[in-house]
file work-v6.cif (mmCIF, C-alpha atoms and all ligand atoms)
data_data
#
loop_
_atom_site.group_PDB
_atom_site.id
_atom_site.type_symbol
_atom_site.label_atom_id
_atom_site.label_comp_id
_atom_site.auth_asym_id
_atom_site.auth_seq_id
_atom_site.Cartn_x
_atom_site.Cartn_y
_atom_site.Cartn_z
ATOM 1 C CA MET B 1 -235.794 131.059 62.310
ATOM 2 C CA ALA B 2 -232.262 131.103 63.662
ATOM 3 C CA VAL B 3 -231.646 129.585 67.085
ATOM 4 C CA LYS B 4 -230.157 132.440 69.101
ATOM 5 C CA ALA B 5 -227.376 132.000 71.660
ATOM 6 C CA ASP B 6 -226.325 134.827 73.995
ATOM 7 C CA MET B 7 -222.999 133.801 75.493
ATOM 8 C CA HIS B 8 -222.323 136.639 77.952
ATOM 9 C CA MET B 9 -224.483 137.832 80.857
ATOM 10 C CA HIS B 10 -224.378 138.544 84.590
ATOM 11 C CA THR B 11 -226.623 137.760 87.556
ATOM 12 C CA THR B 12 -226.795 138.665 91.248
ATOM 13 C CA PHE B 13 -223.880 136.244 91.740
ATOM 14 C CA SER B 14 -221.689 139.078 90.428
ATOM 15 C CA ASP B 15 -222.762 142.576 89.422
ATOM 16 C CA GLY B 16 -226.009 141.757 87.603
ATOM 17 C CA LEU B 17 -229.367 143.054 88.792
ATOM 18 C CA PHE B 18 -231.395 139.882 88.213
ATOM 19 C CA SER B 19 -231.274 136.479 89.848
ATOM 20 C CA PRO B 20 -230.528 133.538 87.537
ATOM 21 C CA TYR B 21 -234.230 132.610 87.568
ATOM 22 C CA GLU B 22 -235.376 136.130 86.617
ATOM 23 C CA LEU B 23 -232.671 136.418 83.981
ATOM 24 C CA ILE B 24 -233.476 133.106 82.293
ATOM 25 C CA LYS B 25 -237.179 134.011 82.244
ATOM 26 C CA LYS B 26 -236.284 137.302 80.519
ATOM 27 C CA CYS B 27 -234.032 135.475 78.042
ATOM 28 C CA LYS B 28 -236.882 133.167 77.102
ATOM 29 C CA GLN B 29 -239.141 136.181 76.528
ATOM 30 C CA ARG B 30 -236.479 137.753 74.298
ATOM 31 C CA GLY B 31 -236.305 134.681 72.057
ATOM 32 C CA LEU B 32 -232.979 133.270 73.261
ATOM 33 C CA SER B 33 -232.735 129.459 73.229
ATOM 34 C CA ILE B 34 -229.138 129.076 74.437
ATOM 35 C CA ILE B 35 -227.346 131.255 76.969
ATOM 36 C CA SER B 36 -224.163 131.227 78.975
ATOM 37 C CA ILE B 37 -224.202 132.844 82.409
ATOM 38 C CA THR B 38 -220.741 134.379 82.835
ATOM 39 C CA ASP B 39 -220.552 135.974 86.263
ATOM 40 C CA HIS B 40 -217.309 137.655 87.296
ATOM 41 C CA ASP B 41 -215.292 135.243 89.460
ATOM 42 C CA SER B 42 -218.276 133.042 90.313
ATOM 43 C CA VAL B 43 -219.947 129.842 89.126
ATOM 44 C CA ASP B 44 -222.322 129.788 92.076
ATOM 45 C CA SER B 45 -225.427 130.105 89.888
ATOM 46 C CA PHE B 46 -224.865 126.483 88.782
ATOM 47 C CA PRO B 47 -226.337 123.883 88.844
ATOM 48 C CA ASP B 48 -229.604 125.710 89.778
ATOM 49 C CA ALA B 49 -229.428 127.931 86.678
ATOM 50 C CA ILE B 50 -229.283 124.840 84.441
ATOM 51 C CA GLU B 51 -232.367 123.495 86.193
ATOM 52 C CA TYR B 52 -234.265 126.797 85.664
ATOM 53 C CA GLY B 53 -233.170 126.668 82.047
ATOM 54 C CA ASN B 54 -234.759 123.247 81.686
ATOM 55 C CA GLU B 55 -237.956 124.679 83.134
ATOM 56 C CA PHE B 56 -238.056 127.465 80.529
ATOM 57 C CA GLY B 57 -236.648 125.460 77.626
ATOM 58 C CA VAL B 58 -233.395 127.450 77.544
ATOM 59 C CA GLU B 59 -230.055 125.624 77.327
ATOM 60 C CA VAL B 60 -227.783 127.113 79.988
ATOM 61 C CA ILE B 61 -224.030 126.675 79.425
ATOM 62 C CA PRO B 62 -221.901 127.087 82.558
ATOM 63 C CA GLY B 63 -219.564 130.052 82.158
ATOM 64 C CA VAL B 64 -217.392 132.483 84.075
ATOM 65 C CA GLU B 65 -215.645 135.813 83.373
ATOM 66 C CA LEU B 66 -212.109 136.170 84.714
ATOM 67 C CA SER B 67 -209.907 139.272 84.792
ATOM 68 C CA ALA B 68 -206.315 139.118 83.664
ATOM 69 C CA LEU B 69 -203.634 141.756 83.716
ATOM 70 C CA VAL B 70 -201.677 142.610 80.592
ATOM 71 C CA ASP B 71 -199.438 145.682 80.461
ATOM 72 C CA ASP B 72 -201.533 147.447 83.090
ATOM 73 C CA LYS B 73 -204.734 146.616 81.230
ATOM 74 C CA ASP B 74 -207.662 144.719 82.696
ATOM 75 C CA VAL B 75 -208.384 142.059 80.093
ATOM 76 C CA HIS B 76 -211.429 139.823 80.474
ATOM 77 C CA ILE B 77 -211.453 136.138 79.595
ATOM 78 C CA LEU B 78 -214.695 134.196 79.273
ATOM 79 C CA GLY B 79 -214.649 130.502 80.161
ATOM 80 C CA TYR B 80 -217.390 128.302 78.732
ATOM 81 C CA PHE B 81 -218.387 124.721 79.606
ATOM 82 C CA VAL B 82 -216.310 124.846 82.782
ATOM 83 C CA ASP B 83 -216.803 122.113 85.360
ATOM 84 C CA TYR B 84 -218.462 124.203 88.082
ATOM 85 C CA THR B 85 -217.673 121.498 90.678
ATOM 86 C CA ASN B 86 -213.916 121.475 89.991
ATOM 87 C CA PRO B 87 -212.342 122.030 93.455
ATOM 88 C CA ARG B 88 -209.344 123.940 92.131
ATOM 89 C CA LEU B 89 -211.526 126.297 90.106
ATOM 90 C CA LEU B 90 -213.806 126.893 93.113
ATOM 91 C CA GLU B 91 -210.820 127.580 95.338
ATOM 92 C CA TYR B 92 -209.408 130.129 92.903
ATOM 93 C CA LEU B 93 -212.764 131.855 92.447
ATOM 94 C CA GLU B 94 -213.218 132.120 96.198
ATOM 95 C CA PHE B 95 -209.767 133.658 96.489
ATOM 96 C CA PHE B 96 -210.565 136.222 93.746
ATOM 97 C CA ARG B 97 -213.803 137.149 95.516
ATOM 98 C CA MET B 98 -212.009 137.625 98.825
ATOM 99 C CA GLU B 99 -209.476 139.844 97.114
ATOM 100 C CA ARG B 100 -212.385 141.821 95.614
ATOM 101 C CA VAL B 101 -213.759 142.470 99.123
ATOM 102 C CA LYS B 102 -210.371 143.760 100.297
ATOM 103 C CA ARG B 103 -210.095 145.958 97.240
ATOM 104 C CA ALA B 104 -213.619 147.356 97.758
ATOM 105 C CA GLU B 105 -212.515 148.251 101.285
ATOM 106 C CA ARG B 106 -209.475 150.087 99.893
ATOM 107 C CA ILE B 107 -211.606 151.983 97.379
ATOM 108 C CA VAL B 108 -214.047 153.045 100.100
ATOM 109 C CA ALA B 109 -211.126 154.203 102.281
ATOM 110 C CA LYS B 110 -209.812 156.303 99.376
ATOM 111 C CA LEU B 111 -213.283 157.774 98.796
ATOM 112 C CA ASN B 112 -213.583 158.593 102.499
ATOM 113 C CA SER B 113 -210.225 160.377 102.388
ATOM 114 C CA ILE B 114 -211.481 162.654 99.608
ATOM 115 C CA ASN B 115 -214.713 163.603 101.329
ATOM 116 C CA VAL B 116 -217.059 160.964 100.010
ATOM 117 C CA PRO B 117 -218.306 159.375 103.245
ATOM 118 C CA LEU B 118 -219.583 156.183 101.598
ATOM 119 C CA LYS B 119 -219.886 153.283 104.021
ATOM 120 C CA PHE B 120 -218.300 149.927 103.212
ATOM 121 C CA GLU B 121 -221.452 148.238 104.562
ATOM 122 C CA ALA B 122 -223.588 150.052 101.963
ATOM 123 C CA VAL B 123 -221.407 148.566 99.212
ATOM 124 C CA MET B 124 -221.473 145.045 100.648
ATOM 125 C CA GLU B 125 -225.227 145.263 101.048
ATOM 126 C CA ARG B 126 -225.572 145.988 97.334
ATOM 127 C CA ALA B 127 -223.225 143.181 96.424
ATOM 128 C CA GLY B 128 -225.137 140.673 98.568
ATOM 129 C CA LYS B 129 -223.875 137.208 97.745
ATOM 130 C CA GLY B 130 -222.277 138.408 94.525
ATOM 131 C CA ALA B 131 -218.603 139.015 93.684
ATOM 132 C CA VAL B 132 -218.229 142.669 94.714
ATOM 133 C CA GLY B 133 -217.024 145.089 92.057
ATOM 134 C CA ARG B 134 -216.871 148.738 91.121
ATOM 135 C CA PRO B 135 -220.431 148.618 89.698
ATOM 136 C CA HIS B 136 -221.701 147.971 93.252
ATOM 137 C CA ILE B 137 -219.658 150.899 94.549
ATOM 138 C CA ALA B 138 -220.961 153.184 91.780
ATOM 139 C CA SER B 139 -224.581 152.192 92.463
ATOM 140 C CA ALA B 140 -224.138 152.645 96.215
ATOM 141 C CA MET B 141 -222.695 156.134 95.601
ATOM 142 C CA VAL B 142 -225.766 157.052 93.521
ATOM 143 C CA GLU B 143 -228.180 155.547 96.033
ATOM 144 C CA GLU B 144 -226.601 157.361 98.965
ATOM 145 C CA GLY B 145 -226.703 160.628 97.014
ATOM 146 C CA TYR B 146 -222.939 161.206 96.684
ATOM 147 C CA ILE B 147 -223.061 161.426 92.908
ATOM 148 C CA ASP B 148 -225.706 162.014 90.216
ATOM 149 C CA SER B 149 -225.058 159.050 87.991
ATOM 150 C CA TYR B 150 -223.405 155.668 87.786
ATOM 151 C CA HIS B 151 -221.150 156.822 84.955
ATOM 152 C CA GLN B 152 -220.095 159.943 86.833
ATOM 153 C CA ALA B 153 -218.907 157.734 89.686
ATOM 154 C CA PHE B 154 -216.474 156.081 87.260
ATOM 155 C CA GLU B 155 -215.521 159.301 85.514
ATOM 156 C CA ARG B 156 -214.809 161.278 88.655
ATOM 157 C CA PHE B 157 -213.722 158.684 91.196
ATOM 158 C CA ILE B 158 -213.368 154.967 90.588
ATOM 159 C CA GLY B 159 -212.577 154.643 86.873
ATOM 160 C CA ASN B 160 -209.097 153.456 85.859
ATOM 161 C CA GLY B 161 -206.587 156.035 87.076
ATOM 162 C CA GLY B 162 -209.260 157.927 89.029
ATOM 163 C CA PRO B 163 -208.572 159.322 92.540
ATOM 164 C CA ALA B 164 -210.251 156.346 94.248
ATOM 165 C CA TYR B 165 -209.124 153.683 91.792
ATOM 166 C CA GLU B 166 -207.608 150.491 93.165
ATOM 167 C CA LYS B 167 -206.409 147.499 91.219
ATOM 168 C CA LYS B 168 -207.868 144.093 91.869
ATOM 169 C CA PHE B 169 -205.931 140.852 92.038
ATOM 170 C CA GLN B 170 -205.421 139.549 88.526
ATOM 171 C CA LEU B 171 -203.960 136.490 86.902
ATOM 172 C CA THR B 172 -201.744 136.581 83.868
ATOM 173 C CA ILE B 173 -203.555 135.752 80.630
ATOM 174 C CA THR B 174 -201.702 132.436 80.462
ATOM 175 C CA ASP B 175 -202.787 131.445 83.968
ATOM 176 C CA ALA B 176 -206.398 132.510 83.347
ATOM 177 C CA ILE B 177 -206.519 130.359 80.210
ATOM 178 C CA LYS B 178 -204.851 127.448 82.038
ATOM 179 C CA LEU B 179 -207.331 127.659 84.902
ATOM 180 C CA ILE B 180 -210.222 127.471 82.444
ATOM 181 C CA SER B 181 -208.773 124.622 80.404
ATOM 182 C CA SER B 182 -207.861 122.616 83.498
ATOM 183 C CA SER B 183 -211.522 122.977 84.515
ATOM 184 C CA GLY B 184 -212.548 121.452 81.204
ATOM 185 C CA GLY B 185 -213.603 124.733 79.609
ATOM 186 C CA LEU B 186 -212.870 126.823 76.523
ATOM 187 C CA SER B 187 -211.494 130.351 76.845
ATOM 188 C CA PHE B 188 -212.522 133.385 74.853
ATOM 189 C CA LEU B 189 -211.160 136.916 74.797
ATOM 190 C CA ALA B 190 -214.066 139.117 75.939
ATOM 191 C CA HIS B 191 -215.023 142.395 74.189
ATOM 192 C CA PRO B 192 -211.571 142.904 72.607
ATOM 193 C CA GLY B 193 -212.721 146.131 70.965
ATOM 194 C CA ARG B 194 -212.551 147.820 74.368
ATOM 195 C CA TYR B 195 -208.832 147.491 74.868
ATOM 196 C CA THR B 196 -207.031 145.250 72.489
ATOM 197 C CA THR B 197 -203.948 146.209 70.574
ATOM 198 C CA GLU B 198 -202.728 143.853 67.879
ATOM 199 C CA GLU B 199 -199.829 142.901 70.136
ATOM 200 C CA LEU B 200 -202.113 141.970 73.018
ATOM 201 C CA LEU B 201 -204.325 140.007 70.660
ATOM 202 C CA HIS B 202 -201.416 137.932 69.353
ATOM 203 C CA HIS B 203 -200.061 137.400 72.862
ATOM 204 C CA THR B 204 -203.471 136.102 73.945
ATOM 205 C CA ILE B 205 -203.801 133.810 70.938
ATOM 206 C CA LYS B 206 -200.343 132.390 71.607
ATOM 207 C CA SER B 207 -201.325 131.741 75.235
ATOM 208 C CA GLY B 208 -203.788 129.118 74.052
ATOM 209 C CA LEU B 209 -207.012 131.027 73.560
ATOM 210 C CA ASP B 210 -209.869 129.036 71.972
ATOM 211 C CA GLY B 211 -211.831 131.928 70.582
ATOM 212 C CA ILE B 212 -212.838 135.582 70.512
ATOM 213 C CA GLU B 213 -216.026 137.392 71.487
ATOM 214 C CA VAL B 214 -216.730 138.907 68.091
ATOM 215 C CA ILE B 215 -220.257 140.168 68.808
ATOM 216 C CA HIS B 216 -220.573 142.624 71.726
ATOM 217 C CA PRO B 217 -222.583 145.839 72.262
ATOM 218 C CA SER B 218 -219.331 147.847 72.519
ATOM 219 C CA HIS B 219 -218.204 146.714 69.051
ATOM 220 C CA GLN B 220 -218.603 148.851 65.969
ATOM 221 C CA PRO B 221 -219.294 146.937 62.728
ATOM 222 C CA SER B 222 -215.616 147.428 61.857
ATOM 223 C CA HIS B 223 -214.575 145.646 65.081
ATOM 224 C CA THR B 224 -216.873 142.743 64.334
ATOM 225 C CA ALA B 225 -215.494 142.364 60.813
ATOM 226 C CA TYR B 226 -211.902 142.630 62.028
ATOM 227 C CA TYR B 227 -212.220 140.073 64.851
ATOM 228 C CA ARG B 228 -214.145 137.685 62.606
ATOM 229 C CA GLY B 229 -211.196 137.872 60.219
ATOM 230 C CA VAL B 230 -208.786 137.049 63.059
ATOM 231 C CA VAL B 231 -210.963 134.109 64.122
ATOM 232 C CA ASN B 232 -210.830 132.690 60.602
ATOM 233 C CA GLU B 233 -207.138 133.347 60.146
ATOM 234 C CA TYR B 234 -206.101 131.529 63.344
ATOM 235 C CA PHE B 235 -208.748 128.761 63.300
ATOM 236 C CA LEU B 236 -210.364 130.133 66.433
ATOM 237 C CA LEU B 237 -213.982 129.958 67.551
ATOM 238 C CA GLU B 238 -216.414 132.857 67.389
ATOM 239 C CA SER B 239 -218.588 133.913 70.302
ATOM 240 C CA GLY B 240 -220.869 136.799 71.059
ATOM 241 C CA GLY B 241 -223.397 138.098 73.495
ATOM 242 C CA SER B 242 -225.068 141.036 75.193
ATOM 243 C CA ASP B 243 -222.984 141.324 78.412
ATOM 244 C CA PHE B 244 -226.352 142.060 79.999
ATOM 245 C CA HIS B 245 -226.223 143.243 83.614
ATOM 246 C CA GLY B 246 -229.698 144.779 83.962
ATOM 247 C CA GLY B 247 -230.464 148.235 85.227
ATOM 248 C CA LYS B 248 -227.817 150.104 83.263
ATOM 249 C CA LYS B 249 -228.478 152.736 80.620
ATOM 250 C CA ASN B 250 -229.659 151.092 77.332
ATOM 251 C CA ASP B 251 -229.088 147.734 78.992
ATOM 252 C CA ASP B 252 -232.540 146.405 78.394
ATOM 253 C CA GLU B 253 -232.248 146.915 74.637
ATOM 254 C CA VAL B 254 -229.274 144.602 74.275
ATOM 255 C CA LEU B 255 -230.890 141.402 75.533
ATOM 256 C CA GLY B 256 -232.005 139.378 72.523
ATOM 257 C CA ASN B 257 -230.156 141.585 70.048
ATOM 258 C CA PHE B 258 -226.556 140.460 70.537
ATOM 259 C CA TYR B 259 -226.158 136.770 69.845
ATOM 260 C CA ILE B 260 -224.482 134.070 67.814
ATOM 261 C CA GLU B 261 -226.294 131.309 65.994
ATOM 262 C CA GLU B 262 -226.527 127.726 67.176
ATOM 263 C CA ASP B 263 -223.941 126.408 64.681
ATOM 264 C CA ARG B 264 -221.266 128.491 66.451
ATOM 265 C CA VAL B 265 -222.145 126.831 69.752
ATOM 266 C CA ASN B 266 -221.987 123.444 68.051
ATOM 267 C CA MET B 267 -218.505 124.280 66.835
ATOM 268 C CA MET B 268 -217.508 124.939 70.455
ATOM 269 C CA LYS B 269 -218.958 121.585 71.474
ATOM 270 C CA HIS B 270 -217.022 119.847 68.702
ATOM 271 C CA ARG B 271 -213.814 121.507 69.893
ATOM 272 C CA LEU B 272 -214.491 120.323 73.458
ATOM 273 C CA PHE B 273 -215.212 116.834 72.217
ATOM 274 C CA SER B 274 -212.002 116.635 70.215
ATOM 275 C CA ASN B 275 -209.996 118.103 73.141
ATOM 276 C CA ASN B 276 -211.354 115.375 75.401
ATOM 277 C CA SER B 277 -210.736 112.562 72.928
ATOM 278 C CA SER B 278 -207.181 113.687 72.207
ATOM 279 C CA HIS B 279 -206.279 113.565 75.912
ATOM 280 C CA LYS B 280 -207.337 109.943 76.214
HETATM 281 P P1 LIG S 1 -214.370 145.588 88.459
HETATM 282 O O1 LIG S 1 -214.412 144.164 87.986
HETATM 283 O O2 LIG S 1 -214.785 145.736 89.875
HETATM 284 O O3 LIG S 1 -213.088 146.283 88.131
HETATM 285 O O4 LIG S 1 -215.502 146.356 87.634
HETATM 286 C C1 LIG S 1 -215.441 146.333 86.252
HETATM 287 C C2 LIG S 1 -216.806 146.637 85.689
HETATM 288 O O5 LIG S 1 -217.117 148.002 85.924
HETATM 289 C C3 LIG S 1 -216.849 146.464 84.193
HETATM 290 O O6 LIG S 1 -217.201 145.141 83.838
HETATM 291 C C4 LIG S 1 -217.908 147.448 83.768
HETATM 292 O O7 LIG S 1 -219.194 146.861 83.906
HETATM 293 C C5 LIG S 1 -217.794 148.554 84.810
HETATM 294 N N1 LIG S 1 -217.013 149.713 84.336
HETATM 295 C C6 LIG S 1 -215.660 149.800 84.236
HETATM 296 N N2 LIG S 1 -215.286 151.023 83.789
HETATM 297 C C7 LIG S 1 -216.433 151.716 83.600
HETATM 298 C C8 LIG S 1 -216.723 153.043 83.161
HETATM 299 N N3 LIG S 1 -215.758 153.910 82.830
HETATM 300 N N4 LIG S 1 -218.024 153.421 83.102
HETATM 301 C C9 LIG S 1 -218.992 152.557 83.452
HETATM 302 N N5 LIG S 1 -218.793 151.302 83.867
HETATM 303 C C10 LIG S 1 -217.527 150.876 83.940
HETATM 304 ZN ZN ZN S 2 -219.915 142.990 85.107
HETATM 305 FE FE FE S 3 -216.117 142.156 80.859
HETATM 306 FE FE FE S 4 -219.199 140.858 81.428
#

call {"tool": "encode", "arguments": {"input": "work-v6.cif", "output": "structure tokens"}}
result
Amino acid sequence: MAVKADMHMHTTFSDGLFSPYELIKKCKQRGLSIISITDHDSVDSFPDAIEYGNEFGVEVIPGVELSALVDDKDVHILGYFVDYTNPRLLEYLEFFRMERVKRAERIVAKLNSINVPLKFEAVMERAGKGAVGRPHIASAMVEEGYIDSYHQAFERFIGNGGPAYEKKFQLTITDAIKLISSSGGLSFLAHPGRYTTEELLHHTIKSGLDGIEVIHPSHQPSHTAYYRGVVNEYFLLESGGSDFHGGKKNDDEVLGNFYIEEDRVNMMKHRLFSNNSSHK
């Protein structure tokens, strides 16, 4: 049987519902042997998550999901095999998280000005130690009874261009990729099917991208085929995963069903190895 690797998932260190320990236990139950935890703007689950992985017999690859801004679009870059002790990386991630707190405050102020009396404390309580994001705000709005559903919160208030929308601090694609590579990692364009034009795709490839997330729950079979073609054409690496957060609609069905096979992970390791040898 194929060795399954899910290279995209979130824990309580960002906007996921489960702690690293709970998540890894679930992954084991779903037949995953290799995973990458890719919290937004945080690598704080490591090294503990790797240790829990050893306990369950799951290889845990350190990862992170960064946000970059391209032509007004929020583009996500996944970094794999990053050195989670790299001081510069940690400093940047802390800065992004602080900016997220300020932005959450601005969103709450906008909501308050349009008669949604959500409290900032309620949002921060949901975020706990995690990088605060709009998912925490949406869940807090549902919990406090200001809206019927998580998705409605985005549709009516906090979605892109909505009346309570606020931008977060974002790097350029080039800087996001540089930050990952200077931390020893490989960068991948996350769920390109959500936003990518051909122009953006080529810009990202030219910025030094290592690979593309070909497999993702938001991708139609046509997306998968198209991005696999791009990967082959430009000698890039292929990744894929569930983007599991826990607790969202249909979320539980994705874990174990969106994965790449072990040989793809080995190709990433070979690329890392040759990057390291060529620098010496
Ligand atoms: P943030 O990083 O705070 O901007 O939050 C982005 C996250 O919010 C994404 O990763 C999605 O999980 C979620 N999200 C963004 N737009 C929507 C939407 N229209 N409906 C539901 N969830 C969304
Ligand atoms: Zn998320
Ligand atoms: Fe994402
Ligand atoms: Fe994600």

call {"tool": "closest_residue", "arguments": {"input": "work-v6.cif", "among": "B:Asn275, B:Asn115, B:Ser242, B:Ser222", "to": "ligand ZN 2 (chain S)", "atoms": "only C-alpha atoms and all ligand atoms"}}
result
B:Ser242

call {"tool": "resolve_selection", "arguments": {"input": "work-v6.cif", "expression": "the PyMOL selection byres (((chain B and resi 209) around 7) and not hetatm)", "output": "compact mmCIF listing (two decimals) with C-alpha atoms, keeping the file's coordinate frame"}}
result
# COMPACT_ATOMS: atom_id res chain seq x y z
CA ILE B 177 -206.52 130.36 80.21
CA SER B 187 -211.49 130.35 76.84
CA PHE B 188 -212.52 133.38 74.85
CA THR B 204 -203.47 136.10 73.94
CA ILE B 205 -203.80 133.81 70.94
CA SER B 207 -201.32 131.74 75.24
CA GLY B 208 -203.79 129.12 74.05
CA ASP B 210 -209.87 129.04 71.97
CA GLY B 211 -211.83 131.93 70.58

call {"tool": "closest_residue", "arguments": {"input": "work-v6.cif", "among": "B:Ile107, B:Ala153, B:Val3, B:Ile24", "to": "B:Glu55", "atoms": "all atoms listed in the file"}}
result
B:Ile24

call {"tool": "residues_near_ligand", "arguments": {"input": "work-v6.cif", "ligand": "ligand FE 4 (chain S)", "cutoff": "8 Å", "atoms": "only C-alpha atoms and all ligand atoms", "output": "compact mmCIF listing (two decimals) with C-alpha atoms, in the frame of the given file"}}
result
# COMPACT_ATOMS: atom_id res chain seq x y z
CA HIS B 8 -222.32 136.64 77.95
CA MET B 9 -224.48 137.83 80.86
CA HIS B 10 -224.38 138.54 84.59
CA THR B 38 -220.74 134.38 82.84
CA ASP B 39 -220.55 135.97 86.26
CA HIS B 40 -217.31 137.66 87.30
CA GLU B 65 -215.64 135.81 83.37
CA HIS B 76 -211.43 139.82 80.47
CA ALA B 190 -214.07 139.12 75.94
CA ASP B 243 -222.98 141.32 78.41
CA PHE B 244 -226.35 142.06 80.00
CA HIS B 245 -226.22 143.24 83.61

call {"tool": "residues_around", "arguments": {"input": "work-v6.cif", "residues": "B:Lys102", "least_positions_apart": "6", "cutoff": "12 Å", "atoms": "only C-alpha atoms", "output": "MDAnalysis selection string"}}
result
chainID B and resid 95:96 108:109 120 124 131:133 166:169

call {"tool": "atom_distance", "arguments": {"input": "work-v6.cif", "atom1": "atom CA of B:Val64", "atom2": "atom CA of B:Met1"}}
result
28.5 Å

call {"tool": "residues_near_ligand", "arguments": {"input": "work-v6.cif", "ligand": "ligand LIG 1 (chain S)", "cutoff": "6 Å", "atoms": "all atoms listed in the file", "output": "ChimeraX atom specification"}}
result
/B:133-135,151,154,159

call {"tool": "resolve_selection", "arguments": {"input": "work-v6.cif", "expression": "the PyMOL selection byres (((chain B and resi 79-94) around 7) and not hetatm)", "output": "number ranges by chain"}}
result
B: 41-43, 46, 61-65, 77-78, 95-98, 179-180, 183-188

call {"tool": "build_atoms", "arguments": {"input": "work-v6.cif", "residues": "stretch 95-114 of chain B", "atoms": "N, CA and C atoms", "output": "PDB file, in the coordinates of the input"}}
result
ATOM      1  N   PHE B  95    -210.898 132.766  96.214  1.00  0.00           N
ATOM      2  CA  PHE B  95    -209.767 133.658  96.489  1.00  0.00           C
ATOM      3  C   PHE B  95    -209.956 135.005  95.771  1.00  0.00           C
ATOM      4  N   PHE B  96    -210.353 134.964  94.492  1.00  0.00           N
ATOM      5  CA  PHE B  96    -210.565 136.222  93.746  1.00  0.00           C
ATOM      6  C   PHE B  96    -211.655 137.063  94.415  1.00  0.00           C
ATOM      7  N   ARG B  97    -212.702 136.405  94.880  1.00  0.00           N
ATOM      8  CA  ARG B  97    -213.803 137.149  95.516  1.00  0.00           C
ATOM      9  C   ARG B  97    -213.361 137.779  96.830  1.00  0.00           C
ATOM     10  N   MET B  98    -212.517 137.066  97.567  1.00  0.00           N
ATOM     11  CA  MET B  98    -212.009 137.625  98.825  1.00  0.00           C
ATOM     12  C   MET B  98    -211.142 138.842  98.543  1.00  0.00           C
ATOM     13  N   GLU B  99    -210.319 138.713  97.501  1.00  0.00           N
ATOM     14  CA  GLU B  99    -209.476 139.844  97.114  1.00  0.00           C
ATOM     15  C   GLU B  99    -210.330 141.036  96.668  1.00  0.00           C
ATOM     16  N   ARG B 100    -211.472 140.749  96.032  1.00  0.00           N
ATOM     17  CA  ARG B 100    -212.385 141.821  95.614  1.00  0.00           C
ATOM     18  C   ARG B 100    -212.943 142.568  96.825  1.00  0.00           C
ATOM     19  N   VAL B 101    -213.237 141.837  97.909  1.00  0.00           N
ATOM     20  CA  VAL B 101    -213.759 142.470  99.123  1.00  0.00           C
ATOM     21  C   VAL B 101    -212.708 143.416  99.703  1.00  0.00           C
ATOM     22  N   LYS B 102    -211.451 142.924  99.752  1.00  0.00           N
ATOM     23  CA  LYS B 102    -210.371 143.760 100.297  1.00  0.00           C
ATOM     24  C   LYS B 102    -210.180 145.008  99.441  1.00  0.00           C
ATOM     25  N   ARG B 103    -210.285 144.824  98.144  1.00  0.00           N
ATOM     26  CA  ARG B 103    -210.095 145.958  97.240  1.00  0.00           C
ATOM     27  C   ARG B 103    -211.245 146.954  97.369  1.00  0.00           C
ATOM     28  N   ALA B 104    -212.475 146.457  97.562  1.00  0.00           N
ATOM     29  CA  ALA B 104    -213.619 147.356  97.758  1.00  0.00           C
ATOM     30  C   ALA B 104    -213.388 148.189  99.023  1.00  0.00           C
ATOM     31  N   GLU B 105    -212.811 147.551 100.034  1.00  0.00           N
ATOM     32  CA  GLU B 105    -212.515 148.251 101.285  1.00  0.00           C
ATOM     33  C   GLU B 105    -211.495 149.375 101.034  1.00  0.00           C
ATOM     34  N   ARG B 106    -210.497 149.070 100.200  1.00  0.00           N
ATOM     35  CA  ARG B 106    -209.475 150.087  99.893  1.00  0.00           C
ATOM     36  C   ARG B 106    -210.070 151.234  99.093  1.00  0.00           C
ATOM     37  N   ILE B 107    -210.970 150.916  98.171  1.00  0.00           N
ATOM     38  CA  ILE B 107    -211.606 151.983  97.379  1.00  0.00           C
ATOM     39  C   ILE B 107    -212.444 152.888  98.290  1.00  0.00           C
ATOM     40  N   VAL B 108    -213.213 152.263  99.186  1.00  0.00           N
ATOM     41  CA  VAL B 108    -214.047 153.045 100.100  1.00  0.00           C
ATOM     42  C   VAL B 108    -213.162 153.935 100.977  1.00  0.00           C
ATOM     43  N   ALA B 109    -212.037 153.398 101.455  1.00  0.00           N
ATOM     44  CA  ALA B 109    -211.126 154.203 102.281  1.00  0.00           C
ATOM     45  C   ALA B 109    -210.608 155.404 101.495  1.00  0.00           C
ATOM     46  N   LYS B 110    -210.279 155.190 100.211  1.00  0.00           N
ATOM     47  CA  LYS B 110    -209.812 156.303  99.376  1.00  0.00           C
ATOM     48  C   LYS B 110    -210.923 157.339  99.198  1.00  0.00           C
ATOM     49  N   LEU B 111    -212.145 156.856  98.961  1.00  0.00           N
ATOM     50  CA  LEU B 111    -213.283 157.774  98.796  1.00  0.00           C
ATOM     51  C   LEU B 111    -213.475 158.593 100.069  1.00  0.00           C
ATOM     52  N   ASN B 112    -213.405 157.909 101.212  1.00  0.00           N
ATOM     53  CA  ASN B 112    -213.583 158.593 102.499  1.00  0.00           C
ATOM     54  C   ASN B 112    -212.523 159.676 102.689  1.00  0.00           C
ATOM     55  N   SER B 113    -211.301 159.407 102.201  1.00  0.00           N
ATOM     56  CA  SER B 113    -210.225 160.377 102.388  1.00  0.00           C
ATOM     57  C   SER B 113    -210.377 161.587 101.474  1.00  0.00           C
ATOM     58  N   ILE B 114    -211.263 161.480 100.468  1.00  0.00           N
ATOM     59  CA  ILE B 114    -211.481 162.654  99.608  1.00  0.00           C
ATOM     60  C   ILE B 114    -212.933 163.139  99.744  1.00  0.00           C
TER      61      ILE B 114
END
